[in-house]
Amino acid sequence: MRIAVCLTDNNPAPWVQGLQAALPDAEVFVWEPGAPQADHAVVWAPPQNFIDEQAAGLKAMFNIGAGVDAILARRLPPGLKVVRLDDAGMSVQMAEYVCHALIRHLREFDVYEAEARQGRWVFRKPLERSDFPVGILGLGVLGERVARAVQQFDFPVLGWSRTPKAIDGVRSFAGEARLGDFLVNTRVLVNLLPLTDATRGILNKTTLGALKPGGYLIHIARGGHLVEEDLIALIDSGRLTGATLDVFQQEPLPAEHPFWRHPKISVTPHASARTLRRESIAQIAGKIRALQRGEPIAGVVNLERGY
Ligand SMILES: NC(=O)c1ccc[n+]([C@@H]2O[C@H](COP(=O)([O-])OP(=O)(O)OC[C@H]3O[C@@H](n4cnc5c(N)ncnc54)[C@H](OP(=O)(O)O)[C@@H]3O)[C@@H](O)[C@H]2O)c1
């Protein structure tokens, strides 16, 4: 069995080493143009020439992330089996990130930090967490884990997805027709949608402007979801109180981008949930073995739906 590794912006060597150790009978190699046909591929944002040479002959193509938008942006052969990472240590990181941003906002820790730097001992009036309903766009692998984590801190939680969900204590809203209802009942909006034709630009002046007064955005899915100038206008007009952003239209975020220095915006460099190599290799190797035994695997992407 041959496994090709094709990782844009990632060092492939430790992946090759780890996959080789997990699957000793396989021949694992870094793909180069003209390489022999592989049975499986492990990829991140593969170039079109990789797809053109390899994809039609693959049993499966494993993405080393949860979001497959960079693959689906390519021309793909019909019937290609694209497999996403299923959690693999990412959901707990997303839960940490969202709870941190949410609690920092509710408890005004940014204000305390600024006061402390001035040597000032000043209390803030406690805010009511019941006034901060948290709405999560996307209740998949990551969104559901985040919903459960946020609930632990007694915030009201709502979620929006394509199909209805039954998660204890989470008000479920499903489908485009319920988006408006979901937004007007949300104060802190968390985005965990996949980037598809249906969700590109979904965070814009209309949707963000529909949030409850004092709205706040935690955006950790993909840069293409957010109309960035709409967010700045809404914050500067006082319609929104601020945002924590991990993903951007252009990454790395350009040095001159206003997000870096905006006093009400916190920026992290696409770091909310990093791919963990050891967990990911174990998961991919397990799925390759399952496919060899003819068993079904989880995480196969629906190419029509786009996630
Ligand atoms: N910033 C980072 O470091 C980072 C790391 C990992 C992932 N991500 C992003 O997070 C995204 C979510 O990951 P995941 O593993 O939770 O994905 P997932 O399991 O595929 O879940 C996606 C959720 O979005 C919902 N959804 C999709 N299209 C929709 C639409 N048009 N309308 C309403 N709901 C829609 C789905 O609804 P149904 O359940 O009804 O199908 C599902 O609940 C990834 O696609 C990726 O872009 C970012």
# chains A, B, ... in the order shown; residues from 1 in each chain; ligands from 1
call {"tool": "select_by_dssp", "arguments": {"residues": "stretch 25-205 of chain A", "states": "strand (DSSP E)", "output": "MDAnalysis selection string"}}
result
chainID A and resid 27:30 40:44 60:63 82:83 134:137 157:161 170:174 188:191
call {"tool": "residues_near_ligand", "arguments": {"ligand": "ligand 1", "cutoff": "8 Å", "atoms": "only C-alpha atoms and all ligand atoms", "output": "count of residues only"}}
result
50
call {"tool": "atom_distance", "arguments": {"atom1": "atom CA of A:Phe259", "atom2": "atom CA of A:Gly242"}}
result
10.9 Å
call {"tool": "residues_around", "arguments": {"residues": "A:Ile235", "least_positions_apart": "6", "cutoff": "12 Å", "atoms": "only C-alpha atoms", "output": "ChimeraX atom specification"}}
result
/A:205,208-209,213-217,228-229,241-243,259,262-265
call {"tool": "write_last_selection", "arguments": {"atoms": "C-alpha atoms", "output": "compact mmCIF listing (two decimals), in the first residue's frame"}}
result
# COMPACT_ATOMS: atom_id res chain seq x y z
CA LYS A 205 -24.17 43.91 8.46
CA LEU A 208 -24.55 40.81 12.84
CA GLY A 209 -26.84 43.84 13.04
CA PRO A 213 -28.10 45.02 21.83
CA GLY A 214 -24.53 44.72 23.14
CA GLY A 215 -23.77 41.95 20.64
CA TYR A 216 -20.31 40.38 20.52
CA LEU A 217 -18.72 38.08 17.92
CA GLU A 228 -14.72 42.41 7.61
CA GLU A 229 -15.64 46.03 6.85
CA THR A 241 -19.45 45.85 21.55
CA GLY A 242 -16.48 43.96 20.09
CA ALA A 243 -15.13 40.74 18.68
CA PHE A 259 -8.14 44.57 13.18
CA HIS A 262 -8.72 48.08 17.05
CA PRO A 263 -9.31 48.54 20.80
CA LYS A 264 -12.47 46.38 20.76
CA ILE A 265 -11.11 43.55 18.66
call {"tool": "atom_distance", "arguments": {"atom1": "atom CA of A:Thr244", "atom2": "atom CA of A:Thr268"}}
result
8.0 Å
call {"tool": "atom_distance", "arguments": {"atom1": "atom CA of A:Gly286", "atom2": "atom CA of A:Glu304"}}
result
25.8 Å
call {"tool": "residues_around", "arguments": {"residues": "stretch 117-128 of chain A", "least_positions_apart": "6", "cutoff": "10 Å", "atoms": "only C-alpha atoms", "output": "mmCIF file with C-alpha atoms, in the first residue's frame"}}
result
data_model
loop_
_atom_site.group_PDB
_atom_site.id
_atom_site.type_symbol
_atom_site.label_atom_id
_atom_site.label_comp_id
_atom_site.auth_asym_id
_atom_site.auth_seq_id
_atom_site.Cartn_x
_atom_site.Cartn_y
_atom_site.Cartn_z
ATOM 1 C CA LEU A 106 -18.607 38.934 30.527
ATOM 2 C CA ARG A 107 -16.225 39.525 33.437
ATOM 3 C CA GLU A 108 -14.543 42.478 31.695
ATOM 4 C CA PHE A 109 -11.084 41.074 32.347
ATOM 5 C CA VAL A 111 -10.815 46.320 31.616
ATOM 6 C CA PHE A 155 -25.072 30.896 30.001
#
call {"tool": "residues_around", "arguments": {"residues": "A:Pro46", "least_positions_apart": "4", "cutoff": "8 Å", "atoms": "only C-alpha atoms", "output": "list in words"}}
result
Cys6, Leu7, Thr8, Phe50, Ile51, Ala70 and Ile71 of chain A
call {"tool": "write_last_selection", "arguments": {"atoms": "N, CA, C and O atoms", "output": "mmCIF file, in the first residue's frame"}}
result
data_model
loop_
_atom_site.group_PDB
_atom_site.id
_atom_site.type_symbol
_atom_site.label_atom_id
_atom_site.label_comp_id
_atom_site.auth_asym_id
_atom_site.auth_seq_id
_atom_site.Cartn_x
_atom_site.Cartn_y
_atom_site.Cartn_z
ATOM 1 N N CYS A 6 0.899 15.194 1.048
ATOM 2 C CA CYS A 6 0.981 16.448 0.278
ATOM 3 C C CYS A 6 0.420 17.582 1.137
ATOM 4 O O CYS A 6 -0.789 17.779 1.205
ATOM 5 N N LEU A 7 1.298 18.257 1.847
ATOM 6 C CA LEU A 7 0.869 19.254 2.837
ATOM 7 C C LEU A 7 1.400 20.633 2.485
ATOM 8 O O LEU A 7 2.583 20.913 2.656
ATOM 9 N N THR A 8 0.532 21.519 2.016
ATOM 10 C CA THR A 8 0.935 22.908 1.767
ATOM 11 C C THR A 8 1.097 23.600 3.123
ATOM 12 O O THR A 8 0.273 23.407 4.023
ATOM 13 N N PHE A 50 -1.574 18.045 -7.959
ATOM 14 C CA PHE A 50 -1.652 16.826 -7.140
ATOM 15 C C PHE A 50 -2.983 16.115 -7.396
ATOM 16 O O PHE A 50 -3.040 14.900 -7.630
ATOM 17 N N ILE A 51 -4.076 16.896 -7.364
ATOM 18 C CA ILE A 51 -5.413 16.329 -7.587
ATOM 19 C C ILE A 51 -5.457 15.669 -8.968
ATOM 20 O O ILE A 51 -5.920 14.530 -9.123
ATOM 21 N N ALA A 70 -10.563 24.132 1.370
ATOM 22 C CA ALA A 70 -9.409 24.289 0.468
ATOM 23 C C ALA A 70 -9.347 23.140 -0.540
ATOM 24 O O ALA A 70 -8.818 23.306 -1.640
ATOM 25 N N ILE A 71 -9.881 21.989 -0.186
ATOM 26 C CA ILE A 71 -9.923 20.859 -1.136
ATOM 27 C C ILE A 71 -11.071 21.069 -2.124
ATOM 28 O O ILE A 71 -10.909 20.894 -3.339
#
call {"tool": "select_by_dssp", "arguments": {"residues": "stretch 32-78 of chain A", "states": "alpha helix (DSSP H)", "output": "list in words"}}
result
Gln48, Asn49, Phe50, Ile51, Asp52, Glu53, Gln54, Asp69, Ala70, Ile71 and Leu72 of chain A
call {"tool": "write_last_selection", "arguments": {"atoms": "C-alpha atoms", "output": "mmCIF file, in the first residue's frame"}}
result
data_model
loop_
_atom_site.group_PDB
_atom_site.id
_atom_site.type_symbol
_atom_site.label_atom_id
_atom_site.label_comp_id
_atom_site.auth_asym_id
_atom_site.auth_seq_id
_atom_site.Cartn_x
_atom_site.Cartn_y
_atom_site.Cartn_z
ATOM 1 C CA GLN A 48 -4.511 21.198 -8.483
ATOM 2 C CA ASN A 49 -1.645 19.234 -10.093
ATOM 3 C CA PHE A 50 -1.652 16.826 -7.140
ATOM 4 C CA ILE A 51 -5.413 16.329 -7.587
ATOM 5 C CA ASP A 52 -5.048 15.886 -11.352
ATOM 6 C CA GLU A 53 -2.303 13.261 -10.994
ATOM 7 C CA GLN A 54 -3.461 11.314 -7.940
ATOM 8 C CA ASP A 69 -12.977 24.146 1.873
ATOM 9 C CA ALA A 70 -9.409 24.289 0.468
ATOM 10 C CA ILE A 71 -9.923 20.859 -1.136
ATOM 11 C CA LEU A 72 -13.393 21.583 -2.454
#
call {"tool": "closest_atom_pairs", "arguments": {"of": "stretch 117-232 of chain A", "to": "stretch 101-104 of chain A", "cutoff": "12 Å", "atoms": "only C-alpha atoms", "output": "tab-separated table"}}
result
residue	atom	partner	partner_atom	distance
A:Leu127	CA	A:Ile103	CA	11.0
A:Glu128	CA	A:Ile103	CA	11.9
A:Arg129	CA	A:Ile103	CA	9.6
A:Phe132	CA	A:Leu102	CA	9.3
A:Pro133	CA	A:Leu102	CA	10.6
A:Val134	CA	A:Leu102	CA	8.7
A:Gly135	CA	A:Leu102	CA	11.5
A:Val146	CA	A:Leu102	CA	11.3
A:Ala149	CA	A:Leu102	CA	11.2
A:Val150	CA	A:Leu102	CA	8.5
A:Gln151	CA	A:Leu102	CA	11.7
A:Gln152	CA	A:Ile103	CA	11.8
A:Phe153	CA	A:Ile103	CA	8.8
A:Asp154	CA	A:Ile103	CA	11.3
A:Phe155	CA	A:Leu102	CA	9.8
A:Arg187	CA	A:Leu102	CA	10.8
A:Val188	CA	A:Leu102	CA	7.7
A:Leu189	CA	A:Leu102	CA	9.8
A:Val190	CA	A:Leu102	CA	9.4
A:Gly215	CA	A:Leu102	CA	11.7
A:Tyr216	CA	A:Leu102	CA	9.0
A:Leu217	CA	A:Leu102	CA	9.4
A:Ile218	CA	A:Ala101	CA	7.4
A:His219	CA	A:Ala101	CA	10.3
A:Ile220	CA	A:Ala101	CA	11.1
call {"tool": "write_last_selection", "arguments": {"atoms": "C-alpha atoms", "output": "JSON list (two decimals), in the first residue's frame"}}
result
[["chain", "number", "residue", "atom", "x", "y", "z"],
["A", 127, "LEU", "CA", -23.09, 41.59, 34.79],
["A", 128, "GLU", "CA", -25.93, 39.05, 34.59],
["A", 129, "ARG", "CA", -24.95, 36.02, 32.52],
["A", 132, "PHE", "CA", -25.67, 37.06, 27.54],
["A", 133, "PRO", "CA", -27.33, 34.26, 25.55],
["A", 134, "VAL", "CA", -24.67, 32.53, 23.48],
["A", 135, "GLY", "CA", -25.69, 31.50, 19.95],
["A", 146, "VAL", "CA", -18.52, 24.23, 22.57],
["A", 149, "ALA", "CA", -18.73, 23.71, 27.59],
["A", 150, "VAL", "CA", -20.50, 27.09, 27.58],
["A", 151, "GLN", "CA", -23.47, 25.54, 29.41],
["A", 152, "GLN", "CA", -21.17, 24.64, 32.30],
["A", 153, "PHE", "CA", -20.96, 28.36, 33.07],
["A", 154, "ASP", "CA", -24.76, 28.77, 33.14],
["A", 155, "PHE", "CA", -25.07, 30.90, 30.00],
["A", 187, "ARG", "CA", -26.03, 38.29, 22.23],
["A", 188, "VAL", "CA", -22.68, 36.51, 21.89],
["A", 189, "LEU", "CA", -22.40, 34.91, 18.47],
["A", 190, "VAL", "CA", -19.93, 32.04, 17.99],
["A", 215, "GLY", "CA", -23.77, 41.95, 20.64],
["A", 216, "TYR", "CA", -20.31, 40.38, 20.52],
["A", 217, "LEU", "CA", -18.72, 38.08, 17.92],
["A", 218, "ILE", "CA", -16.38, 35.11, 18.45],
["A", 219, "HIS", "CA", -15.29, 34.01, 14.98],
["A", 220, "ILE", "CA", -13.22, 30.84, 14.72]]
call {"tool": "residues_around", "arguments": {"residues": "A:Gln250", "least_positions_apart": "4", "cutoff": "9 Å", "atoms": "only C-alpha atoms", "output": "list of chain:residue names"}}
result
A:Gly223, A:Gly224, A:Pro254
call {"tool": "residues_around", "arguments": {"residues": "A:Val82", "least_positions_apart": "4", "cutoff": "8 Å", "atoms": "only C-alpha atoms", "output": "MDAnalysis selection string"}}
result
chainID A and resid 60:63 300:301
call {"tool": "closest_residue", "arguments": {"among": "A:Thr206, A:Glu279, A:Phe173, A:Gln249", "to": "A:Leu226", "atoms": "only C-alpha atoms"}}
result
A:Gln249
call {"tool": "decode", "arguments": {"residues": "stretch 198-228 of chain A", "atoms": "C-alpha atoms", "output": "CSV table (one decimal), in the first residue's frame"}}
result
chain,number,residue,atom,x,y,z
A,198,ALA,CA,-24.3,28.6,1.5
A,199,THR,CA,-22.3,30.1,4.3
A,200,ARG,CA,-19.7,32.4,2.6
A,201,GLY,CA,-20.2,36.0,3.8
A,202,ILE,CA,-22.9,34.9,6.4
A,203,LEU,CA,-21.5,37.3,9.0
A,204,ASN,CA,-22.4,40.7,7.5
A,205,LYS,CA,-24.2,43.9,8.5
A,206,THR,CA,-27.6,42.3,8.3
A,207,THR,CA,-26.9,39.2,10.3
A,208,LEU,CA,-24.6,40.8,12.8
A,209,GLY,CA,-26.8,43.8,13.0
A,210,ALA,CA,-29.7,41.6,14.1
A,211,LEU,CA,-28.0,40.5,17.3
A,212,LYS,CA,-29.4,41.6,20.7
A,213,PRO,CA,-28.1,45.0,21.8
A,214,GLY,CA,-24.5,44.7,23.1
A,215,GLY,CA,-23.8,42.0,20.6
A,216,TYR,CA,-20.3,40.4,20.5
A,217,LEU,CA,-18.7,38.1,17.9
A,218,ILE,CA,-16.4,35.1,18.5
A,219,HIS,CA,-15.3,34.0,15.0
A,220,ILE,CA,-13.2,30.8,14.7
A,221,ALA,CA,-14.3,29.0,11.6
A,222,ARG,CA,-13.1,30.5,8.3
A,223,GLY,CA,-12.2,34.0,7.1
A,224,GLY,CA,-14.5,33.8,4.2
A,225,HIS,CA,-17.6,33.8,6.5
A,226,LEU,CA,-17.0,37.4,7.6
A,227,VAL,CA,-17.5,40.7,5.7
A,228,GLU,CA,-14.7,42.4,7.6
